[in-house]
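structure22.cif follows (mmCIF, C-alpha atoms):
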data_query
loop_
_atom_site.group_PDB
_atom_site.id
_atom_site.type_symbol
_atom_site.label_atom_id
_atom_site.label_comp_id
_atom_site.auth_asym_id
_atom_site.auth_seq_id
_atom_site.Cartn_x
_atom_site.Cartn_y
_atom_site.Cartn_z
ATOM 1 C CA MET A 14 -5.870 -19.586 3.532
ATOM 2 C CA ALA A 15 -4.540 -16.232 2.376
ATOM 3 C CA GLU A 16 -3.698 -15.825 -1.300
ATOM 4 C CA GLU A 17 -2.217 -12.881 -3.149
ATOM 5 C CA VAL A 18 -4.516 -10.896 -5.396
ATOM 6 C CA PRO A 19 -3.504 -11.387 -9.064
ATOM 7 C CA SER A 20 -1.709 -8.317 -10.387
ATOM 8 C CA ILE A 21 -2.465 -6.555 -13.667
ATOM 9 C CA ASN A 22 -0.256 -5.194 -16.409
ATOM 10 C CA ILE A 23 -0.333 -1.455 -15.728
ATOM 11 C CA GLU A 24 0.957 -0.640 -19.202
ATOM 12 C CA GLU A 25 -2.057 -2.348 -20.797
ATOM 13 C CA TRP A 26 -4.543 -0.649 -18.497
ATOM 14 C CA LYS A 27 -6.681 1.940 -20.277
ATOM 15 C CA PRO A 28 -8.478 4.067 -17.652
ATOM 16 C CA ARG A 29 -12.155 4.785 -18.294
ATOM 17 C CA THR A 30 -12.551 7.550 -15.700
ATOM 18 C CA SER A 31 -10.818 10.800 -14.788
ATOM 19 C CA ILE A 32 -9.698 9.371 -11.440
ATOM 20 C CA GLY A 33 -8.217 6.374 -13.217
ATOM 21 C CA ASN A 34 -6.238 8.734 -15.467
ATOM 22 C CA LEU A 35 -4.932 10.634 -12.438
ATOM 23 C CA VAL A 36 -3.705 7.383 -10.899
ATOM 24 C CA LYS A 37 -2.068 6.042 -14.055
ATOM 25 C CA ASN A 38 -0.361 9.377 -14.743
ATOM 26 C CA GLY A 39 1.070 9.436 -11.223
ATOM 27 C CA LYS A 40 -0.862 12.491 -10.046
ATOM 28 C CA ILE A 41 -2.319 10.341 -7.258
ATOM 29 C CA SER A 42 0.434 8.148 -5.872
ATOM 30 C CA SER A 43 -1.067 6.590 -2.736
ATOM 31 C CA ILE A 44 -4.359 5.163 -1.545
ATOM 32 C CA LYS A 45 -4.228 7.535 1.453
ATOM 33 C CA GLU A 46 -4.141 10.514 -0.874
ATOM 34 C CA LEU A 47 -7.197 9.152 -2.674
ATOM 35 C CA PHE A 48 -9.206 8.983 0.552
ATOM 36 C CA ASP A 49 -7.839 12.294 1.870
ATOM 37 C CA ARG A 50 -9.174 13.971 -1.253
ATOM 38 C CA ASN A 51 -12.510 12.156 -0.796
ATOM 39 C CA LEU A 52 -12.305 10.550 -4.228
ATOM 40 C CA PRO A 53 -14.206 7.324 -4.972
ATOM 41 C CA ILE A 54 -12.658 4.137 -6.310
ATOM 42 C CA THR A 55 -14.140 4.058 -9.801
ATOM 43 C CA GLU A 56 -12.103 1.198 -11.285
ATOM 44 C CA PRO A 57 -10.629 -1.937 -9.657
ATOM 45 C CA GLU A 58 -7.321 -1.266 -11.430
ATOM 46 C CA ILE A 59 -6.879 1.802 -9.217
ATOM 47 C CA VAL A 60 -6.507 -0.508 -6.219
ATOM 48 C CA ASP A 61 -4.099 -2.745 -8.149
ATOM 49 C CA VAL A 62 -1.820 0.260 -8.678
ATOM 50 C CA LEU A 63 -2.091 1.919 -5.252
ATOM 51 C CA LEU A 64 -2.253 -1.238 -3.084
ATOM 52 C CA PRO A 65 -0.158 -3.855 -4.913
ATOM 53 C CA LYS A 66 0.325 -6.273 -1.978
ATOM 54 C CA LEU A 67 -3.275 -7.158 -1.232
ATOM 55 C CA LYS A 68 -4.247 -10.630 -0.069
ATOM 56 C CA TYR A 69 -7.635 -12.300 0.003
ATOM 57 C CA GLU A 70 -9.363 -15.283 1.540
ATOM 58 C CA VAL A 71 -12.591 -17.042 0.584
ATOM 59 C CA VAL A 72 -14.716 -17.284 3.738
ATOM 60 C CA ASP A 73 -18.049 -18.529 2.406
ATOM 61 C CA ILE A 74 -19.224 -20.542 -0.594
ATOM 62 C CA LYS A 75 -22.825 -21.520 -1.162
ATOM 63 C CA VAL A 76 -25.060 -22.583 -4.016
ATOM 64 C CA VAL A 77 -27.963 -20.290 -4.871
ATOM 65 C CA GLN A 78 -30.815 -21.046 -7.255
ATOM 66 C CA LYS A 79 -32.802 -18.846 -9.586
ATOM 67 C CA GLN A 80 -36.146 -19.843 -11.082
ATOM 68 C CA THR A 81 -36.500 -19.163 -14.820
ATOM 69 C CA ASP A 82 -38.850 -20.250 -17.608
ATOM 70 C CA ALA A 83 -36.371 -23.002 -18.464
ATOM 71 C CA GLY A 84 -36.240 -24.251 -14.874
ATOM 72 C CA GLU A 85 -33.899 -23.688 -11.958
ATOM 73 C CA ILE A 86 -30.430 -22.305 -12.547
ATOM 74 C CA SER A 87 -27.831 -23.036 -9.881
ATOM 75 C CA ARG A 88 -24.902 -20.695 -9.307
ATOM 76 C CA TYR A 89 -22.094 -20.361 -6.803
ATOM 77 C CA LYS A 90 -22.078 -17.370 -4.474
ATOM 78 C CA VAL A 91 -18.696 -16.534 -2.976
ATOM 79 C CA LEU A 92 -17.763 -14.140 -0.175
ATOM 80 C CA VAL A 93 -14.147 -12.989 0.140
ATOM 81 C CA ILE A 94 -12.259 -10.843 2.625
ATOM 82 C CA MET A 95 -9.399 -8.745 1.259
ATOM 83 C CA GLY A 96 -6.808 -6.498 2.863
ATOM 84 C CA ASN A 97 -3.158 -5.558 3.202
ATOM 85 C CA MET A 98 -3.045 -6.354 6.956
ATOM 86 C CA ASP A 99 -1.934 -2.778 7.550
ATOM 87 C CA GLY A 100 -4.962 -0.507 7.785
ATOM 88 C CA TYR A 101 -6.982 -1.330 4.649
ATOM 89 C CA VAL A 102 -9.676 -3.991 4.345
ATOM 90 C CA SER A 103 -12.581 -4.960 2.114
ATOM 91 C CA ILE A 104 -15.216 -7.585 1.431
ATOM 92 C CA GLY A 105 -16.756 -8.674 -1.860
ATOM 93 C CA THR A 106 -19.271 -11.113 -3.293
ATOM 94 C CA GLY A 107 -19.579 -12.773 -6.676
ATOM 95 C CA LYS A 108 -22.010 -15.143 -8.402
ATOM 96 C CA ALA A 109 -21.348 -17.424 -11.363
ATOM 97 C CA LYS A 110 -22.021 -20.921 -12.672
ATOM 98 C CA GLN A 111 -18.335 -21.738 -12.250
ATOM 99 C CA LEU A 112 -16.647 -21.393 -8.883
ATOM 100 C CA ARG A 113 -13.461 -19.891 -10.340
ATOM 101 C CA VAL A 114 -15.430 -17.156 -12.122
ATOM 102 C CA ALA A 115 -17.431 -16.429 -8.963
ATOM 103 C CA ILE A 116 -14.191 -15.931 -7.005
ATOM 104 C CA GLN A 117 -12.854 -13.582 -9.694
ATOM 105 C CA LYS A 118 -16.049 -11.515 -9.521
ATOM 106 C CA ALA A 119 -15.846 -11.403 -5.719
ATOM 107 C CA ILE A 120 -12.238 -10.178 -5.877
ATOM 108 C CA ARG A 121 -13.203 -7.455 -8.339
ATOM 109 C CA ASP A 122 -16.119 -6.409 -6.115
ATOM 110 C CA ALA A 123 -13.855 -6.327 -3.055
ATOM 111 C CA LYS A 124 -11.419 -3.961 -4.793
ATOM 112 C CA MET A 125 -14.248 -1.475 -5.244
ATOM 113 C CA ASN A 126 -15.110 -1.644 -1.521
ATOM 114 C CA ILE A 127 -11.674 -0.997 0.017
ATOM 115 C CA ILE A 128 -11.872 1.188 3.147
ATOM 116 C CA PRO A 129 -9.260 2.645 5.509
ATOM 117 C CA VAL A 130 -9.384 1.438 9.119
ATOM 118 C CA ARG A 131 -8.365 3.728 11.949
ATOM 119 C CA ARG A 132 -6.247 1.822 14.450
ATOM 120 C CA GLY A 133 -5.009 2.836 17.856
ATOM 121 C CA CYS A 134 -4.602 1.882 21.503
ATOM 122 C CA GLY A 135 -7.966 2.766 23.011
ATOM 123 C CA SER A 136 -7.952 0.421 26.014
ATOM 124 C CA TRP A 137 -7.609 2.073 29.431
ATOM 125 C CA GLN A 138 -5.619 -1.015 30.506
ATOM 126 C CA CYS A 139 -2.911 -0.333 27.941
ATOM 127 C CA THR A 140 -0.883 2.831 27.375
ATOM 128 C CA CYS A 141 1.621 1.607 24.781
ATOM 129 C CA GLY A 142 0.369 4.060 22.158
ATOM 130 C CA GLU A 143 0.892 1.586 19.305
ATOM 131 C CA PRO A 144 -1.796 1.011 16.623
ATOM 132 C CA HIS A 145 -2.419 -2.611 17.605
ATOM 133 C CA SER A 146 -6.133 -2.313 18.404
ATOM 134 C CA LEU A 147 -9.055 0.083 17.958
ATOM 135 C CA PRO A 148 -9.018 3.687 19.186
ATOM 136 C CA PHE A 149 -12.547 3.399 20.621
ATOM 137 C CA LYS A 150 -15.651 1.211 20.599
ATOM 138 C CA VAL A 151 -17.422 0.899 17.244
ATOM 139 C CA VAL A 152 -20.713 -0.708 16.262
ATOM 140 C CA GLY A 153 -21.811 -2.198 12.937
ATOM 141 C CA LYS A 154 -25.092 -3.707 11.761
ATOM 142 C CA ALA A 155 -26.164 -5.895 8.844
ATOM 143 C CA GLY A 156 -29.511 -7.648 8.718
ATOM 144 C CA SER A 157 -30.275 -9.015 12.174
ATOM 145 C CA VAL A 158 -26.609 -9.040 13.217
ATOM 146 C CA GLU A 159 -25.046 -6.334 15.373
ATOM 147 C CA VAL A 160 -21.318 -6.364 16.129
ATOM 148 C CA ASN A 161 -19.646 -4.306 18.855
ATOM 149 C CA LEU A 162 -15.857 -4.074 18.600
ATOM 150 C CA LEU A 163 -13.967 -2.936 21.680
ATOM 151 C CA PRO A 164 -10.292 -2.014 22.175
ATOM 152 C CA ALA A 165 -8.195 -4.555 24.054
ATOM 153 C CA PRO A 166 -4.779 -4.273 25.765
ATOM 154 C CA LYS A 167 -1.689 -5.451 23.933
ATOM 155 C CA GLY A 168 -1.231 -9.202 23.969
ATOM 156 C CA THR A 169 -4.933 -10.023 24.360
ATOM 157 C CA GLY A 170 -5.331 -11.246 20.799
ATOM 158 C CA LEU A 171 -8.584 -11.310 18.855
ATOM 159 C CA VAL A 172 -11.304 -12.528 21.205
ATOM 160 C CA VAL A 173 -13.963 -12.613 18.477
ATOM 161 C CA GLY A 174 -15.751 -15.100 16.218
ATOM 162 C CA SER A 175 -13.649 -17.030 13.705
ATOM 163 C CA VAL A 176 -14.883 -15.184 10.606
ATOM 164 C CA LEU A 177 -14.637 -11.823 12.357
ATOM 165 C CA LYS A 178 -11.083 -12.736 13.382
ATOM 166 C CA THR A 179 -10.182 -13.123 9.705
ATOM 167 C CA LEU A 180 -11.652 -9.704 8.903
ATOM 168 C CA LEU A 181 -9.756 -7.965 11.718
ATOM 169 C CA THR A 182 -6.521 -9.750 10.810
ATOM 170 C CA TYR A 183 -6.711 -8.495 7.227
ATOM 171 C CA ALA A 184 -7.376 -4.990 8.589
ATOM 172 C CA GLY A 185 -4.191 -5.117 10.663
ATOM 173 C CA ILE A 186 -5.851 -5.253 14.092
ATOM 174 C CA ARG A 187 -4.126 -7.643 16.514
ATOM 175 C CA ASP A 188 -6.062 -7.141 19.763
ATOM 176 C CA ALA A 189 -9.811 -6.685 20.215
ATOM 177 C CA TRP A 190 -12.890 -7.869 22.051
ATOM 178 C CA SER A 191 -16.369 -8.160 20.574
ATOM 179 C CA THR A 192 -19.974 -8.715 21.529
ATOM 180 C CA THR A 193 -22.635 -9.733 19.027
ATOM 181 C CA LYS A 194 -26.388 -9.905 18.689
ATOM 182 C CA GLY A 195 -28.613 -11.591 16.127
ATOM 183 C CA GLU A 196 -28.193 -14.585 13.829
ATOM 184 C CA THR A 197 -24.394 -14.722 13.601
ATOM 185 C CA ARG A 198 -24.539 -18.112 11.861
ATOM 186 C CA THR A 199 -25.382 -16.162 8.704
ATOM 187 C CA THR A 200 -21.769 -15.666 7.619
ATOM 188 C CA GLU A 201 -22.372 -12.856 5.145
ATOM 189 C CA ASN A 202 -24.338 -10.686 7.568
ATOM 190 C CA PHE A 203 -21.793 -11.375 10.310
ATOM 191 C CA VAL A 204 -18.929 -10.246 8.075
ATOM 192 C CA ARG A 205 -20.838 -7.231 6.758
ATOM 193 C CA ALA A 206 -21.644 -6.114 10.316
ATOM 194 C CA GLY A 207 -17.949 -6.312 11.214
ATOM 195 C CA TYR A 208 -17.037 -4.441 8.022
ATOM 196 C CA SER A 209 -19.589 -1.741 8.909
ATOM 197 C CA ALA A 210 -18.039 -1.401 12.377
ATOM 198 C CA LEU A 211 -14.556 -0.942 10.881
ATOM 199 C CA TYR A 212 -15.964 1.620 8.447
ATOM 200 C CA ASN A 213 -17.278 3.566 11.437
ATOM 201 C CA THR A 214 -13.768 4.020 12.874
ATOM 202 C CA TYR A 215 -13.553 7.155 10.707
ATOM 203 C CA ASN A 216 -16.979 8.470 11.687
ATOM 204 C CA PHE A 217 -15.594 10.059 14.834
ATOM 205 C CA VAL A 218 -13.386 13.133 15.154
ATOM 206 C CA THR A 219 -10.389 12.502 17.411
ATOM 207 C CA LEU A 220 -8.080 14.941 19.205
ATOM 208 C CA GLN A 221 -5.529 14.409 16.444
ATOM 209 C CA ASP A 222 -8.121 15.556 13.896
ATOM 210 C CA TRP A 223 -8.783 18.719 15.928
ATOM 211 C CA ALA A 224 -5.098 19.548 15.846
ATOM 212 C CA ARG A 225 -4.866 19.428 12.043
ATOM 213 C CA LYS A 226 -4.257 22.706 10.320
ATOM 214 C CA ARG A 227 -7.113 23.932 8.187
#
Translate this structure into structure tokens?
Amino acid sequence: MAEEVPSINIEEWKPRTSIGNLVKNGKISSIKELFDRNLPITEPEIVDVLLPKLKYEVVDIKVVQKQTDAGEISRYKVLVIMGNMDGYVSIGTGKAKQLRVAIQKAIRDAKMNIIPVRRGCGSWQCTCGEPHSLPFKVVGKAGSVEVNLLPAPKGTGLVVGSVLKTLLTYAGIRDAWSTTKGETRTTENFVRAGYSALYNTYNFVTLQDWARKR
């Protein structure tokens, strides 16, 4: 179930980096400008300011154990998917003895991993020109899992695995097909492979990119 990411008090935020200062002072006013200038996200508060309407969903919770001199220590490991459902998506993980703290850590990690997703209408069966799907086929890998995402005509829906459907929904993609290889029952690798595929949507130069003025 989608939940809104808790907001911060911008007035109380004290940036620790030069990019954080640029954002707080209004010299960078949008997340698109940040990526256009090839600047990294150095503080999670930057995302709070530039993408205030983010939502997240916990997709995997498991208990992990660590062997120490005092015995085994059990902790929760949480995987969350985050996005604005309009071209920006992220994933994050967090570990802690308390589930609530683990979720908070995962949310913070996800803010640092926000990526833009190029959308389009890449299916030869559809010529609507709306950004409802992917512009072309993309491939992502994580561990033994390989995910191929393919453009689909408008109205097809997300013909993908349930966890991958959540990821694409948060990215703002409404129609897509997929094929997978490997151990997809490993939720984290499955999600990371899908995230890698979405990241690769900006690894190609399109005709629109060629037409940009230098």
On this structure, which residues satisfy the PyMOL selection byres ((chain A and resi 55) around 10), written as a PDB file with C-alpha atoms, in the coordinates of the input?
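The result, stored in result-v7.pdb:
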ATOM      1  CA  PRO A  28      -8.478   4.067 -17.652  1.00  0.00           C
ATOM      2  CA  ARG A  29     -12.155   4.785 -18.294  1.00  0.00           C
ATOM      3  CA  THR A  30     -12.551   7.550 -15.700  1.00  0.00           C
ATOM      4  CA  SER A  31     -10.818  10.800 -14.788  1.00  0.00           C
ATOM      5  CA  ILE A  32      -9.698   9.371 -11.440  1.00  0.00           C
ATOM      6  CA  GLY A  33      -8.217   6.374 -13.217  1.00  0.00           C
ATOM      7  CA  LEU A  52     -12.305  10.550  -4.228  1.00  0.00           C
ATOM      8  CA  PRO A  53     -14.206   7.324  -4.972  1.00  0.00           C
ATOM      9  CA  ILE A  54     -12.658   4.137  -6.310  1.00  0.00           C
ATOM     10  CA  GLU A  56     -12.103   1.198 -11.285  1.00  0.00           C
ATOM     11  CA  PRO A  57     -10.629  -1.937  -9.657  1.00  0.00           C
ATOM     12  CA  GLU A  58      -7.321  -1.266 -11.430  1.00  0.00           C
ATOM     13  CA  ILE A  59      -6.879   1.802  -9.217  1.00  0.00           C
ATOM     14  CA  VAL A  60      -6.507  -0.508  -6.219  1.00  0.00           C
ATOM     15  CA  LYS A 124     -11.419  -3.961  -4.793  1.00  0.00           C
ATOM     16  CA  MET A 125     -14.248  -1.475  -5.244  1.00  0.00           C
TER      17      MET A 125
END
Using all atoms listed in the file, which residues of stretch 53-161 of chain A come within 9 Å of stretch 171-193 of chain A, and what is the closest atom pair for each, with the distance in Å to one decimal? Give it as a tab-separated table, sorted by chain and residue number.
residue	atom	partner	partner_atom	distance
A:Lys68	CA	A:Tyr183	CA	8.0
A:Tyr69	CA	A:Tyr183	CA	8.2
A:Glu70	CA	A:Thr179	CA	8.5
A:Val72	CA	A:Val176	CA	7.2
A:Ile94	CA	A:Leu180	CA	6.4
A:Met95	CA	A:Tyr183	CA	6.6
A:Gly96	CA	A:Tyr183	CA	4.8
A:Asn97	CA	A:Tyr183	CA	6.1
A:Met98	CA	A:Gly185	CA	4.1
A:Asp99	CA	A:Gly185	CA	4.5
A:Gly100	CA	A:Ala184	CA	5.2
A:Tyr101	CA	A:Ala184	CA	5.4
A:Val102	CA	A:Ala184	CA	4.9
A:Ser103	CA	A:Ala184	CA	8.3
A:Ile104	CA	A:Leu180	CA	8.5
A:Pro129	CA	A:Ala184	CA	8.4
A:Val130	CA	A:Ala184	CA	6.8
A:Arg132	CA	A:Ile186	CA	7.1
A:Gly133	CA	A:Ile186	CA	9.0
A:Pro144	CA	A:Ile186	CA	7.9
A:His145	CA	A:Arg187	CA	5.4
A:Ser146	CA	A:Asp188	CA	5.0
A:Leu147	CA	A:Ala189	CA	7.2
A:Val158	CA	A:Thr193	CA	7.1
A:Glu159	CA	A:Thr193	CA	5.5
A:Val160	CA	A:Thr193	CA	4.6
A:Asn161	CA	A:Thr192	CA	5.2
With a distance cut-off of 9 Å and all atoms listed in the file, select the neighbouring residues of A:Gly153, excluding the residue or stretch itself and same-chain residues fewer than 2 positions from it, and output the selection as a count of residues only. 16
What does the structure give for the distance between atom CA of A:Ile116 and atom CA of A:Leu47, in Å to one decimal?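 Those two atoms sit 26.4 Å apart.
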Find the residue from A:Glu201, A:Ala165, A:Leu63, A:Phe48 that sits nearest to A:Lys90; use only C-alpha atoms when measuring.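 Checking each of A:Glu201, A:Ala165, A:Leu63, A:Phe48 against A:Lys90, counting only C-alpha atoms, the winner is A:Glu201.
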What's the separation between atom CA of A:Val18 and atom CA of A:Val152, in Å to one decimal place? 28.9 Å
Could you tell me which residues the PyMOL selection byres ((chain A and resi 109-112) around 12) grabs in this file, written as number ranges by chain? A: 71, 73-79, 86-92, 106-108, 113-119
Go through the shown structure with the PyMOL selection byres ((chain A and resi 23) around 10) and write out the matching residues as a list of chain:residue names.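 Selection result, ordered by chain and number: A:Ser20, A:Ile21, A:Asn22, A:Glu24, A:Glu25, A:Trp26, A:Lys27, A:Lys37, A:Glu58, A:Ile59, A:Asp61, A:Val62.
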Between atom CA of A:Leu35 and atom CA of A:Ile127, what is the distance in Å, rounded to a tenth?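 Calculated distance between atom CA of A:Leu35 and atom CA of A:Ile127 is 18.3 Å.
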